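Okay, start_34.tsv is below, TSV, C-alpha atoms and all ligand atoms:
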```tsv
chain	number	residue	atom	x	y	z
A	270	MET	CA	24.10	-9.75	-13.46
A	271	ARG	CA	24.71	-11.70	-16.61
A	272	ASP	CA	23.10	-14.83	-15.14
A	273	ALA	CA	19.96	-13.06	-13.87
A	274	ARG	CA	16.69	-14.94	-14.21
A	275	PRO	CA	14.07	-12.31	-15.01
A	276	ILE	CA	10.46	-12.94	-14.03
A	277	ARG	CA	7.50	-11.21	-15.64
A	278	THR	CA	5.28	-9.56	-13.00
A	279	ARG	CA	2.24	-7.30	-13.28
A	280	TYR	CA	4.50	-4.26	-12.77
A	281	GLY	CA	7.30	-5.20	-15.16
A	282	ILE	CA	10.27	-7.55	-15.44
A	283	ASP	CA	11.61	-8.52	-12.04
A	284	ILE	CA	15.39	-8.98	-12.10
A	285	HIS	CA	15.90	-9.32	-8.35
A	286	HIS	CA	14.32	-8.04	-5.16
A	287	LEU	CA	16.85	-5.24	-4.60
A	288	ALA	CA	15.46	-3.16	-7.47
A	289	PRO	CA	11.93	-2.43	-8.71
A	290	PRO	CA	10.71	-4.41	-11.76
A	291	VAL	CA	12.10	-3.03	-15.02
A	292	GLY	CA	9.42	-0.98	-16.76
A	293	SER	CA	7.58	0.01	-13.58
A	294	ARG	CA	7.26	3.64	-12.48
A	295	ALA	CA	9.36	2.76	-9.47
A	296	PHE	CA	12.15	1.57	-11.75
A	297	GLY	CA	12.38	4.98	-13.42
A	298	ARG	CA	12.68	6.51	-9.98
A	299	TYR	CA	15.32	3.90	-9.06
A	300	LEU	CA	17.47	4.84	-12.09
A	301	ASN	CA	17.13	8.51	-11.22
A	302	SER	CA	18.19	7.86	-7.66
A	303	LEU	CA	21.20	5.81	-8.76
A	304	LYS	CA	22.19	8.68	-11.05
A	305	ARG	CA	22.06	11.05	-8.10
A	306	VAL	CA	24.17	8.59	-6.08
A	307	SER	CA	26.71	8.52	-8.91
A	308	HIS	CA	26.94	12.32	-8.63
A	309	GLY	CA	27.82	12.03	-4.96
A	310	GLU	CA	24.37	12.58	-3.42
A	311	ARG	CA	23.21	10.44	-0.50
A	312	VAL	CA	19.91	8.73	-1.42
A	313	PRO	CA	18.19	6.02	0.66
A	314	VAL	CA	17.20	4.05	-2.44
A	315	MET	CA	15.87	1.16	-0.37
A	316	ALA	CA	14.32	1.28	3.11
A	317	HIS	CA	13.15	-1.55	5.33
A	318	ILE	CA	10.50	-0.25	7.72
A	319	SER	CA	9.42	-2.21	10.79
A	320	LEU	CA	5.77	-1.50	11.52
A	321	THR	CA	5.54	-3.37	14.81
A	322	ASP	CA	7.54	-5.37	17.32
A	323	ARG	CA	4.59	-7.70	17.80
A	324	CYS	CA	4.84	-11.25	16.49
A	325	ASP	CA	3.31	-14.60	17.45
A	326	CYS	CA	6.50	-16.53	16.70
A	327	GLY	CA	9.69	-16.77	18.70
A	328	CYS	CA	12.38	-17.38	16.09
A	329	GLU	CA	16.02	-17.41	17.13
A	330	ARG	CA	17.12	-15.83	13.88
A	331	CYS	CA	14.65	-12.92	13.99
A	332	SER	CA	16.29	-9.76	12.62
A	333	ASN	CA	13.91	-7.36	14.33
A	334	ILE	CA	15.69	-4.78	16.48
A	335	PRO	CA	13.12	-4.20	19.23
A	336	SER	CA	12.32	-0.55	19.82
A	337	GLY	CA	10.91	-0.61	23.35
A	338	ARG	CA	8.56	2.14	22.18
A	339	VAL	CA	4.94	2.37	21.13
A	340	GLU	CA	4.63	1.42	17.46
A	341	PRO	CA	4.16	4.25	14.93
A	342	THR	CA	0.67	5.48	14.11
A	343	PHE	CA	-0.65	5.49	10.56
A	344	GLU	CA	0.00	9.25	10.40
A	345	MET	CA	3.64	8.80	11.50
A	346	VAL	CA	4.24	6.11	8.89
A	347	GLY	CA	2.57	8.35	6.30
A	348	ARG	CA	4.91	11.25	7.12
A	349	LEU	CA	7.91	8.92	6.98
A	350	LEU	CA	6.90	7.55	3.58
A	351	ALA	CA	6.44	11.09	2.27
A	352	GLU	CA	9.95	12.01	3.49
A	353	LEU	CA	11.42	8.89	1.91
A	354	LYS	CA	9.68	9.64	-1.40
A	355	ASP	CA	11.08	13.18	-1.33
A	356	ALA	CA	14.54	11.76	-0.65
A	357	GLY	CA	14.33	9.43	-3.69
A	358	THR	CA	13.48	6.05	-2.15
A	359	ALA	CA	12.35	3.60	-4.83
A	360	CYS	CA	11.90	0.38	-2.80
A	361	VAL	CA	10.25	-0.02	0.58
A	362	ALA	CA	9.94	-3.32	2.44
A	363	PHE	CA	7.58	-3.59	5.39
A	364	THR	CA	8.74	-5.87	8.13
A	365	GLY	CA	8.41	-6.35	11.87
A	366	GLY	CA	7.65	-8.17	14.04
A	367	GLU	CA	4.80	-9.39	11.90
A	368	PRO	CA	3.49	-6.57	9.68
A	369	LEU	CA	0.23	-8.45	9.03
A	370	LEU	CA	-0.67	-7.71	12.66
A	371	ARG	CA	-1.18	-4.06	11.68
A	372	ASP	CA	-4.86	-3.47	10.91
A	373	ASP	CA	-3.89	-0.55	8.68
A	374	LEU	CA	-1.33	-2.46	6.58
A	375	VAL	CA	-3.40	-2.26	3.39
A	376	ASP	CA	-3.71	1.52	3.76
A	377	ILE	CA	0.02	1.83	4.49
A	378	VAL	CA	0.90	-0.12	1.34
A	379	GLY	CA	-1.54	2.11	-0.55
A	380	LEU	CA	0.40	5.21	0.53
A	381	CYS	CA	3.45	4.04	-1.46
A	382	GLY	CA	1.71	4.33	-4.83
A	383	GLU	CA	3.26	3.00	-8.01
A	384	GLU	CA	6.37	5.17	-7.73
A	385	VAL	CA	7.66	3.05	-4.84
A	386	CYS	CA	8.00	-0.72	-5.14
A	387	THR	CA	6.63	-2.40	-1.99
A	388	THR	CA	7.64	-5.70	-0.45
A	389	LEU	CA	6.30	-7.53	2.58
A	390	PHE	CA	8.44	-9.76	4.81
A	391	THR	CA	6.04	-12.03	6.65
A	392	THR	CA	5.38	-15.37	8.31
A	393	GLY	CA	2.02	-15.42	6.54
A	394	ILE	CA	0.17	-15.89	9.84
A	395	GLY	CA	-3.32	-14.42	9.73
A	396	LEU	CA	-3.51	-13.80	5.97
A	397	ASP	CA	-6.84	-14.65	4.39
A	398	ALA	CA	-8.09	-14.29	0.84
A	399	GLY	CA	-9.72	-10.91	1.51
A	400	ARG	CA	-6.57	-9.36	2.91
A	401	ALA	CA	-4.34	-10.86	0.20
A	402	SER	CA	-6.62	-9.41	-2.46
A	403	GLN	CA	-6.68	-6.00	-0.72
A	404	LEU	CA	-2.88	-5.92	-0.38
A	405	ALA	CA	-2.49	-6.77	-4.07
A	406	GLY	CA	-5.06	-4.10	-4.93
A	407	ALA	CA	-3.18	-1.55	-2.82
A	408	GLY	CA	-0.07	-2.16	-4.94
A	409	LEU	CA	1.94	-4.79	-3.04
A	410	CYS	CA	4.61	-5.89	-5.48
A	411	ARG	CA	6.37	-8.74	-3.64
A	412	ALA	CA	5.80	-11.01	-0.65
A	413	PHE	CA	8.66	-12.89	0.99
A	414	VAL	CA	7.26	-15.58	3.25
A	415	SER	CA	9.51	-17.37	5.71
A	416	LEU	CA	9.73	-21.10	5.02
A	417	ASP	CA	12.55	-22.74	6.94
A	418	HIS	CA	11.88	-26.32	5.86
A	419	PHE	CA	9.68	-28.54	3.73
A	420	ASP	CA	8.94	-30.55	6.86
A	421	ARG	CA	6.01	-29.14	8.85
A	422	GLU	CA	7.40	-30.01	12.27
A	423	SER	CA	10.90	-28.67	11.57
A	424	HIS	CA	9.50	-25.34	10.40
A	425	ASP	CA	7.10	-25.03	13.35
A	426	ASN	CA	9.89	-25.89	15.80
A	427	THR	CA	12.13	-23.14	14.41
A	428	ARG	CA	9.28	-20.68	14.68
A	429	HIS	CA	8.22	-21.90	18.14
A	430	ARG	CA	4.59	-21.93	17.06
A	431	PRO	CA	2.55	-24.92	15.86
A	432	GLY	CA	0.62	-24.32	12.65
A	433	THR	CA	3.08	-21.78	11.21
A	434	PHE	CA	4.06	-24.06	8.33
A	435	ASP	CA	0.45	-24.36	7.17
A	436	ASP	CA	-0.03	-20.60	7.56
A	437	ALA	CA	3.07	-19.92	5.44
A	438	VAL	CA	2.07	-22.31	2.67
A	439	ARG	CA	-1.48	-20.96	2.58
A	440	ALA	CA	-0.21	-17.37	2.47
A	441	MET	CA	2.13	-18.11	-0.44
A	442	GLY	CA	-0.78	-19.65	-2.36
A	443	LEU	CA	-2.92	-16.56	-1.71
A	444	PHE	CA	-0.24	-14.04	-2.69
A	445	LYS	CA	0.34	-15.98	-5.90
A	446	LYS	CA	-3.38	-16.14	-6.62
A	447	TYR	CA	-3.70	-12.36	-6.42
A	448	GLY	CA	-0.70	-11.63	-8.63
A	449	VAL	CA	1.92	-10.68	-6.02
A	450	HIS	CA	5.46	-11.88	-6.80
A	451	THR	CA	5.86	-14.61	-4.18
A	452	ALA	CA	9.06	-15.96	-2.67
A	453	ALA	CA	9.88	-18.53	0.00
A	454	GLN	CA	12.64	-17.24	2.23
A	455	ALA	CA	14.99	-19.22	4.47
A	456	VAL	CA	18.25	-18.76	6.31
A	457	ALA	CA	20.95	-20.84	4.61
A	458	SER	CA	22.46	-23.59	6.74
A	459	GLU	CA	24.63	-26.63	6.24
A	460	GLU	CA	21.61	-28.80	7.06
A	461	LEU	CA	19.27	-27.09	4.57
A	462	LEU	CA	21.86	-27.30	1.80
A	463	SER	CA	22.84	-30.91	2.53
A	464	GLU	CA	22.30	-33.63	-0.04
A	465	GLY	CA	18.72	-34.78	-0.18
A	466	VAL	CA	17.36	-32.00	2.02
A	467	TRP	CA	18.07	-29.16	-0.42
A	468	GLU	CA	16.58	-31.05	-3.36
A	469	ARG	CA	13.39	-31.75	-1.40
A	470	TYR	CA	13.17	-28.12	-0.23
A	471	VAL	CA	13.49	-26.80	-3.79
A	472	SER	CA	11.00	-29.34	-5.17
A	473	PHE	CA	8.52	-28.54	-2.41
A	474	CYS	CA	8.73	-24.80	-3.13
A	475	GLY	CA	8.24	-25.56	-6.83
A	476	SER	CA	5.23	-27.73	-6.06
A	477	ILE	CA	3.43	-24.90	-4.22
A	478	GLY	CA	4.12	-22.55	-7.12
A	479	VAL	CA	6.33	-19.85	-5.63
A	480	ASP	CA	8.22	-17.67	-8.07
A	481	GLU	CA	11.45	-17.62	-6.14
A	482	ILE	CA	13.50	-18.96	-3.24
A	483	LEU	CA	15.65	-16.44	-1.38
A	484	LEU	CA	18.41	-17.80	0.86
A	485	LEU	CA	19.68	-15.37	3.47
A	486	ASP	CA	23.10	-15.67	5.07
A	487	PRO	CA	23.09	-16.65	8.75
A	488	MET	CA	23.67	-13.22	10.24
A	489	PRO	CA	24.37	-12.04	13.77
A	490	VAL	CA	21.03	-10.78	15.08
A	491	ARG	CA	19.56	-8.54	17.77
A	492	THR	CA	22.48	-7.56	19.99
A	493	GLY	CA	25.25	-8.06	17.47
A	494	SER	CA	25.98	-11.47	18.95
A	495	LYS	CA	28.24	-13.92	17.15
A	496	THR	CA	26.85	-16.46	14.74
A	497	ARG	CA	28.24	-19.73	13.43
A	498	GLU	CA	30.16	-19.36	10.17
A	499	LEU	CA	29.08	-21.54	7.28
A	500	PRO	CA	31.77	-23.95	6.08
A	501	GLU	CA	33.61	-22.86	2.93
A	502	HIS	CA	32.01	-25.54	0.70
A	503	THR	CA	28.52	-24.27	1.67
A	504	LYS	CA	29.55	-20.67	1.00
A	505	MET	CA	30.81	-21.73	-2.41
A	506	ARG	CA	27.46	-23.30	-3.22
A	507	LEU	CA	25.70	-20.05	-2.25
A	508	ARG	CA	27.92	-18.21	-4.73
A	509	ASP	CA	26.97	-20.64	-7.52
A	510	PRO	CA	24.40	-19.02	-9.87
A	511	GLY	CA	23.14	-22.48	-10.82
A	512	LEU	CA	22.38	-23.51	-7.23
A	513	GLY	CA	19.31	-25.75	-7.26
A	514	GLN	CA	18.12	-24.40	-10.59
A	515	SER	CA	18.44	-27.79	-12.33
A	516	ILE	CA	16.28	-29.58	-9.76
A	517	LYS	CA	13.07	-30.80	-11.34
A	518	GLY	CA	10.17	-28.44	-10.66
A	519	ALA	CA	12.41	-25.74	-9.15
A	520	PRO	CA	10.88	-22.25	-8.79
A	521	VAL	CA	11.67	-19.77	-11.53
A	522	ARG	CA	14.53	-18.28	-9.56
A	523	ILE	CA	16.81	-19.17	-6.66
A	524	SER	CA	18.55	-16.13	-5.21
A	525	THR	CA	21.13	-15.88	-2.48
A	526	MET	CA	22.14	-12.90	-0.40
A	527	THR	CA	25.75	-14.09	-0.77
A	528	ARG	CA	25.64	-13.36	-4.50
A	529	LEU	CA	23.38	-10.30	-4.65
A	530	GLU	CA	25.18	-8.49	-1.83
A	531	GLY	CA	28.60	-9.86	-2.69
A	532	PRO	CA	31.55	-7.89	-4.11
A	533	ASP	CA	30.75	-8.95	-7.69
A	534	TYR	CA	27.42	-7.19	-7.68
A	535	LEU	CA	25.78	-4.77	-5.24
A	536	GLY	CA	28.09	-5.30	-2.28
A	537	CYS	CA	27.03	-4.07	1.13
A	538	GLN	CA	24.86	-0.96	0.86
A	539	ALA	CA	24.24	-0.73	4.62
A	540	GLY	CA	23.81	2.91	5.60
A	541	TYR	CA	24.65	4.03	2.07
A	542	THR	CA	21.72	3.41	-0.28
A	543	PHE	CA	20.00	1.11	2.24
A	544	ILE	CA	18.55	1.86	5.68
A	545	TYR	CA	16.53	-0.06	8.25
A	546	ILE	CA	14.05	1.76	10.48
A	547	ASN	CA	12.74	-0.09	13.52
A	548	ALA	CA	9.24	0.24	14.93
A	549	GLY	CA	10.35	3.06	17.21
A	550	GLY	CA	11.87	5.05	14.32
A	551	ASP	CA	15.54	4.35	15.13
A	552	VAL	CA	17.57	4.20	11.92
A	553	TYR	CA	20.23	1.53	11.44
A	554	PRO	CA	22.49	0.92	8.44
A	555	CYS	CA	20.94	-2.56	8.25
A	556	ASP	CA	18.65	-4.86	10.29
A	557	PHE	CA	21.78	-6.83	11.20
A	558	LEU	CA	23.83	-3.83	12.33
A	559	PRO	CA	22.31	-2.72	15.63
A	560	VAL	CA	23.91	0.72	15.84
A	561	SER	CA	21.45	3.61	15.55
A	562	PHE	CA	22.30	6.81	13.70
A	563	GLY	CA	19.22	8.74	14.85
A	564	ASN	CA	15.44	8.62	15.00
A	565	VAL	CA	13.21	9.56	12.09
A	566	TYR	CA	10.11	10.18	14.18
A	567	ALA	CA	11.99	12.47	16.58
A	568	GLU	CA	14.49	14.22	14.29
A	569	GLY	CA	13.15	13.76	10.76
A	570	LEU	CA	14.81	11.82	7.97
A	571	GLY	CA	17.12	14.61	6.75
A	572	GLU	CA	19.04	14.89	9.99
A	573	VAL	CA	19.50	11.12	10.23
A	574	LEU	CA	20.75	10.93	6.64
A	575	ASP	CA	23.29	13.66	7.44
A	576	SER	CA	24.57	11.57	10.34
A	577	LEU	CA	24.86	8.49	8.10
A	578	SER	CA	26.61	10.49	5.36
A	579	ALA	CA	29.14	11.84	7.83
A	580	ASN	CA	30.05	8.36	9.05
A	581	ILE	CA	29.50	5.93	6.18
A	582	GLU	CA	31.24	7.35	3.14
A	583	ALA	CA	30.82	4.53	0.62
A	584	PRO	CA	29.38	1.07	0.14
A	585	SER	CA	31.59	-1.84	1.02
A	586	ARG	CA	32.51	-4.92	-0.99
A	587	HIS	CA	31.84	-7.07	2.08
A	588	CYS	CA	29.01	-7.42	4.58
A	589	LEU	CA	29.53	-4.88	7.36
A	590	ALA	CA	27.54	-6.91	9.89
A	591	SER	CA	29.70	-10.00	9.32
A	592	HIS	CA	32.80	-7.82	9.43
A	593	MET	CA	31.68	-6.46	12.81
A	594	ASN	CA	31.34	-10.04	14.01
A	595	GLY	CA	35.10	-10.34	13.54
A	596	PHE	CA	35.68	-7.96	16.48
A	597	PRO	CA	34.57	-10.13	19.42
A	598	ASN	CA	36.51	-8.02	21.94
A	599	VAL	CA	34.55	-4.85	21.21
A	600	PRO	CA	31.93	-4.52	24.00
A	601	ARG	CA	28.31	-5.36	23.04
A	602	PRO	CA	26.06	-3.60	22.29
A	603	VAL	CA	28.55	-1.87	20.00
A	604	SER	CA	28.77	1.90	20.58
A	605	LEU	CA	28.43	4.37	17.70
A	606	THR	CA	32.12	5.33	17.96
A	607	ASP	CA	33.31	1.71	17.85
A	608	ALA	CA	30.89	0.92	15.02
A	609	VAL	CA	32.15	3.80	12.87
A	610	ASP	CA	35.77	2.68	13.41
A	611	ILE	CA	34.90	-0.90	12.49
A	612	ILE	CA	32.93	0.22	9.42
A	613	LYS	CA	35.88	2.33	8.25
A	614	SER	CA	38.20	-0.64	8.66
A	615	CYS	CA	36.04	-2.60	6.19
A	616	ARG	CA	36.87	-0.20	3.36
A	617	GLY	CA	40.03	-0.18	1.35
A	618	ASP	CA	39.63	-2.87	-1.25
A	619	GLY	CA	37.56	-0.82	-3.67
A	620	LEU	CA	33.88	-0.62	-4.47
A	621	PRO	CA	31.42	-3.40	-5.32
A	622	VAL	CA	31.14	-4.00	-9.08
A	623	LEU	CA	27.75	-2.28	-9.55
A	624	MET	CA	28.94	0.86	-7.77
A	625	GLU	CA	32.12	0.99	-9.88
A	626	TRP	CA	29.88	0.67	-12.89
A	627	ILE	CA	27.50	3.53	-12.01
A	628	LYS	CA	30.32	5.82	-10.87
B	1	LIG	S1	25.46	-5.50	6.53
B	1	LIG	FE1	25.33	-5.15	4.31
B	1	LIG	S2	25.66	-7.11	3.24
B	1	LIG	FE2	25.34	-7.47	5.46
B	1	LIG	S3	23.16	-7.96	5.56
B	1	LIG	FE3	23.36	-5.77	5.96
B	1	LIG	S4	23.16	-4.74	3.95
B	1	LIG	FE4	23.48	-6.93	3.59
```
Would you kindly transcribe this structure into structure tokens?
Amino acid sequence: MRDARPIRTRYGIDIHHLAPPVGSRAFGRYLNSLKRVSHGERVPVMAHISLTDRCDCGCERCSNIPSGRVEPTFEMVGRLLAELKDAGTACVAFTGGEPLLRDDLVDIVGLCGEEVCTTLFTTGIGLDAGRASQLAGAGLCRAFVSLDHFDRESHDNTRHRPGTFDDAVRAMGLFKKYGVHTAAQAVASEELLSEGVWERYVSFCGSIGVDEILLLDPMPVRTGSKTRELPEHTKMRLRDPGLGQSIKGAPVRISTMTRLEGPDYLGCQAGYTFIYINAGGDVYPCDFLPVSFGNVYAEGLGEVLDSLSANIEAPSRHCLASHMNGFPNVPRPVSLTDAVDIIKSCRGDGLPVLMEWIK
């Protein structure tokens, strides 16, 4: 990305959250894994792991795919991380539910070691200085804290829990204090990007000292239900590398999923170099694609990767979850057979730029 805005972190130079910081041990592993991918191997370079379905919020846009099972023990997560390391995973993000609700989160982060870059997706609820310091000490590289709005009430209403705004802001301050790369994360909307609101959101994030803002696309969640499309002018703004960067006091970087996972860069890696594992161990190509290809705790990672390889042959230039949304007549939840057909129909216009480049 020619317009990347690198940020110096304690592990190296952070280019964006889809790769480890340049110079870190995890980055060397990342390059190795990409090389293997370029030689036709299937490597889960990045894995999102849900540690629990529990959460004190009730957000409509929650991407958690509930497992309906008991959450994994520390030993199960340990075995999974060991399998992922063996397979070449370089980036792991812990999510939920709310991962901070796990008493053993610090120990789980510690299992990753420096060869795997770790990220936490969190509401920030329940974080105190002691825990923030322990997580940083265990090797946590990045924390993405949900912040839907600069207005306390608006944020709390979206989360369906009073006090969540204050928890999020406090958590971001603590992560920053202990040297964790800290980002505010929100789902992009017409309202958030409207004149006046966007400027105040960016300035607010700058004023609390976060390193980055990450805007996610509004994706279909949970059961593959439809979501409202953003208008074209808002999509265009999300593609603009300068979005919000000139606002006074803006954080160091403003990233959008539209650009990072768009055809001009990484494209959609769902089920190719990226997997999502829910709290019950079911493996999905992505948190937003609720079609399971197997269970890591029951079958082991190798078998699940074989199933993914057999059905998802290459990355796509376009978001598979959004593409699936364009098939409203396919019965929900989408079956594996239907999903594979839909995924195949998304191919055909070449590879994303980065994949062409490493080929
Ligand atoms: S389907 Fe692909 S592009 Fe869409 S959110 Fe998932 S990984 Fe990203």
* Nearest to Gly569 of chain A: which of A:Val346, A:Leu512, A:His450, A:Leu303 is it, counting only C-alpha atoms? ->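 Among the listed residues, A:Val346 lies closest to Gly569 of chain A.
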* What do you get as a list in words if you pick all residues at most 6 Å from ligand LIG 1 (chain B), counting all atoms listed in the file? ->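 Going residue by residue within 6 Å of ligand LIG 1 (chain B), we get Glu530, Cys537, Gln538, Ala539, Cys555, Phe557, Cys588, Leu589 and Ala590 of chain A.
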Would you mind exporting C-alpha atoms of the selected residues as a compact mmCIF listing (two decimals), in the coordinates of the input?
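Contents of out.txt, as written:
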```txt
# COMPACT_ATOMS: atom_id res chain seq x y z
CA GLU A 530 25.18 -8.49 -1.83
CA CYS A 537 27.03 -4.07 1.13
CA GLN A 538 24.86 -0.96 0.86
CA ALA A 539 24.24 -0.73 4.62
CA CYS A 555 20.94 -2.56 8.25
CA PHE A 557 21.78 -6.83 11.20
CA CYS A 588 29.01 -7.42 4.58
CA LEU A 589 29.53 -4.88 7.36
CA ALA A 590 27.54 -6.91 9.89
```
Around all listed atoms of segment 313-324 of chain A, padded 5 Å per side, what centre and edge lengths does the axis-aligned box have in Å to one decimal, as JSON?
```
{"center_x": 11.4, "center_y": -2.6, "center_z": 7.7, "size_x": 23.6, "size_y": 27.3, "size_z": 30.2}
```
* **Option closest in space to Ala356 of chain A, from A:Val449, A:Leu370, A:Val306, A:Leu380 [counting only C-alpha atoms]** => A:Val306
* **Proximity to Cys410 of chain A - best of A:Ile276, A:Val385, A:Val565, A:Ile546, only C-alpha atoms** =>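 Checking each of A:Ile276, A:Val385, A:Val565, A:Ile546 against Cys410 of chain A, counting only C-alpha atoms, the winner is A:Val385.
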Quick one: residues within 9 Å of Gly531 of chain A, only C-alpha atoms counted, chain neighbours fewer than 2 positions away excluded, as a PDB file with C-alpha atoms, in the frame of the given file?
```
ATOM      1  CA  ARG A 508      27.920 -18.210  -4.730  1.00  0.00           C
ATOM      2  CA  MET A 526      22.140 -12.900  -0.400  1.00  0.00           C
ATOM      3  CA  THR A 527      25.750 -14.090  -0.770  1.00  0.00           C
ATOM      4  CA  ARG A 528      25.640 -13.360  -4.500  1.00  0.00           C
ATOM      5  CA  LEU A 529      23.380 -10.300  -4.650  1.00  0.00           C
ATOM      6  CA  ASP A 533      30.750  -8.950  -7.690  1.00  0.00           C
ATOM      7  CA  TYR A 534      27.420  -7.190  -7.680  1.00  0.00           C
ATOM      8  CA  LEU A 535      25.780  -4.770  -5.240  1.00  0.00           C
ATOM      9  CA  GLY A 536      28.090  -5.300  -2.280  1.00  0.00           C
ATOM     10  CA  CYS A 537      27.030  -4.070   1.130  1.00  0.00           C
ATOM     11  CA  ARG A 586      32.510  -4.920  -0.990  1.00  0.00           C
ATOM     12  CA  HIS A 587      31.840  -7.070   2.080  1.00  0.00           C
ATOM     13  CA  CYS A 588      29.010  -7.420   4.580  1.00  0.00           C
ATOM     14  CA  PRO A 621      31.420  -3.400  -5.320  1.00  0.00           C
TER      15      PRO A 621
END
```
* Structure fact -> note - atom CA of Thr358 of chain A and atom CA of Tyr299 of chain A are separated by 7.5 Å
* Would you work out the distance separating atom CA of Gly337 of chain A from atom CA of Arg428 of chain A, expressed in Å to one decimal? =>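 Spanning atom CA of Gly337 of chain A to atom CA of Arg428 of chain A is a straight-line distance of 21.9 Å.
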* Suppose you want the space between atom CA of Ala548 of chain A and atom CA of Val456 of chain A; what is it in Å? ->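 Between atom CA of Ala548 of chain A and atom CA of Val456 of chain A the gap is 22.7 Å.
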* Do you know which residues are at most 8 Å from segment 477-486 of chain A counting all atoms listed in the file, after dropping those on the same chain fewer than 6 positions away, and could you put them as a VMD selection string? -> chain A and resid 276 438 441 to 442 445 450 to 457 471 520 to 527
Completion of segment 499-512 of chain A up to N, CA and C atoms, as a CSV table (one decimal), in the coordinates of the input:
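Okay, this is what ended up in rebuild-v8.csv:
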```
chain,number,residue,atom,x,y,z
A,499,LEU,N,29.3,-20.4,8.1
A,499,LEU,CA,29.1,-21.5,7.3
A,499,LEU,C,30.4,-22.1,6.8
A,500,PRO,N,30.5,-23.4,6.6
A,500,PRO,CA,31.8,-24.0,6.1
A,500,PRO,C,32.0,-23.5,4.7
A,501,GLU,N,33.2,-23.4,4.2
A,501,GLU,CA,33.6,-22.9,2.9
A,501,GLU,C,32.9,-23.5,1.8
A,502,HIS,N,32.7,-24.9,1.8
A,502,HIS,CA,32.0,-25.5,0.7
A,502,HIS,C,30.5,-25.1,0.6
A,503,THR,N,29.9,-24.8,1.7
A,503,THR,CA,28.5,-24.3,1.7
A,503,THR,C,28.5,-22.8,1.1
A,504,LYS,N,29.5,-22.0,1.5
A,504,LYS,CA,29.6,-20.7,1.0
A,504,LYS,C,29.7,-20.7,-0.5
A,505,MET,N,30.6,-21.6,-1.0
A,505,MET,CA,30.8,-21.7,-2.4
A,505,MET,C,29.5,-22.1,-3.2
A,506,ARG,N,28.7,-22.9,-2.6
A,506,ARG,CA,27.5,-23.3,-3.2
A,506,ARG,C,26.5,-22.1,-3.3
A,507,LEU,N,26.6,-21.2,-2.2
A,507,LEU,CA,25.7,-20.0,-2.2
A,507,LEU,C,26.1,-19.0,-3.3
A,508,ARG,N,27.4,-19.1,-3.7
A,508,ARG,CA,27.9,-18.2,-4.7
A,508,ARG,C,27.6,-18.7,-6.1
A,509,ASP,N,27.2,-20.0,-6.2
A,509,ASP,CA,27.0,-20.6,-7.5
A,509,ASP,C,25.6,-20.2,-8.1
A,510,PRO,N,25.7,-19.5,-9.3
A,510,PRO,CA,24.4,-19.0,-9.9
A,510,PRO,C,23.5,-20.2,-10.3
A,511,GLY,N,24.0,-21.4,-10.4
A,511,GLY,CA,23.1,-22.5,-10.8
A,511,GLY,C,22.5,-23.2,-9.6
A,512,LEU,N,22.8,-22.8,-8.4
A,512,LEU,CA,22.4,-23.5,-7.2
A,512,LEU,C,20.9,-23.9,-7.3
```
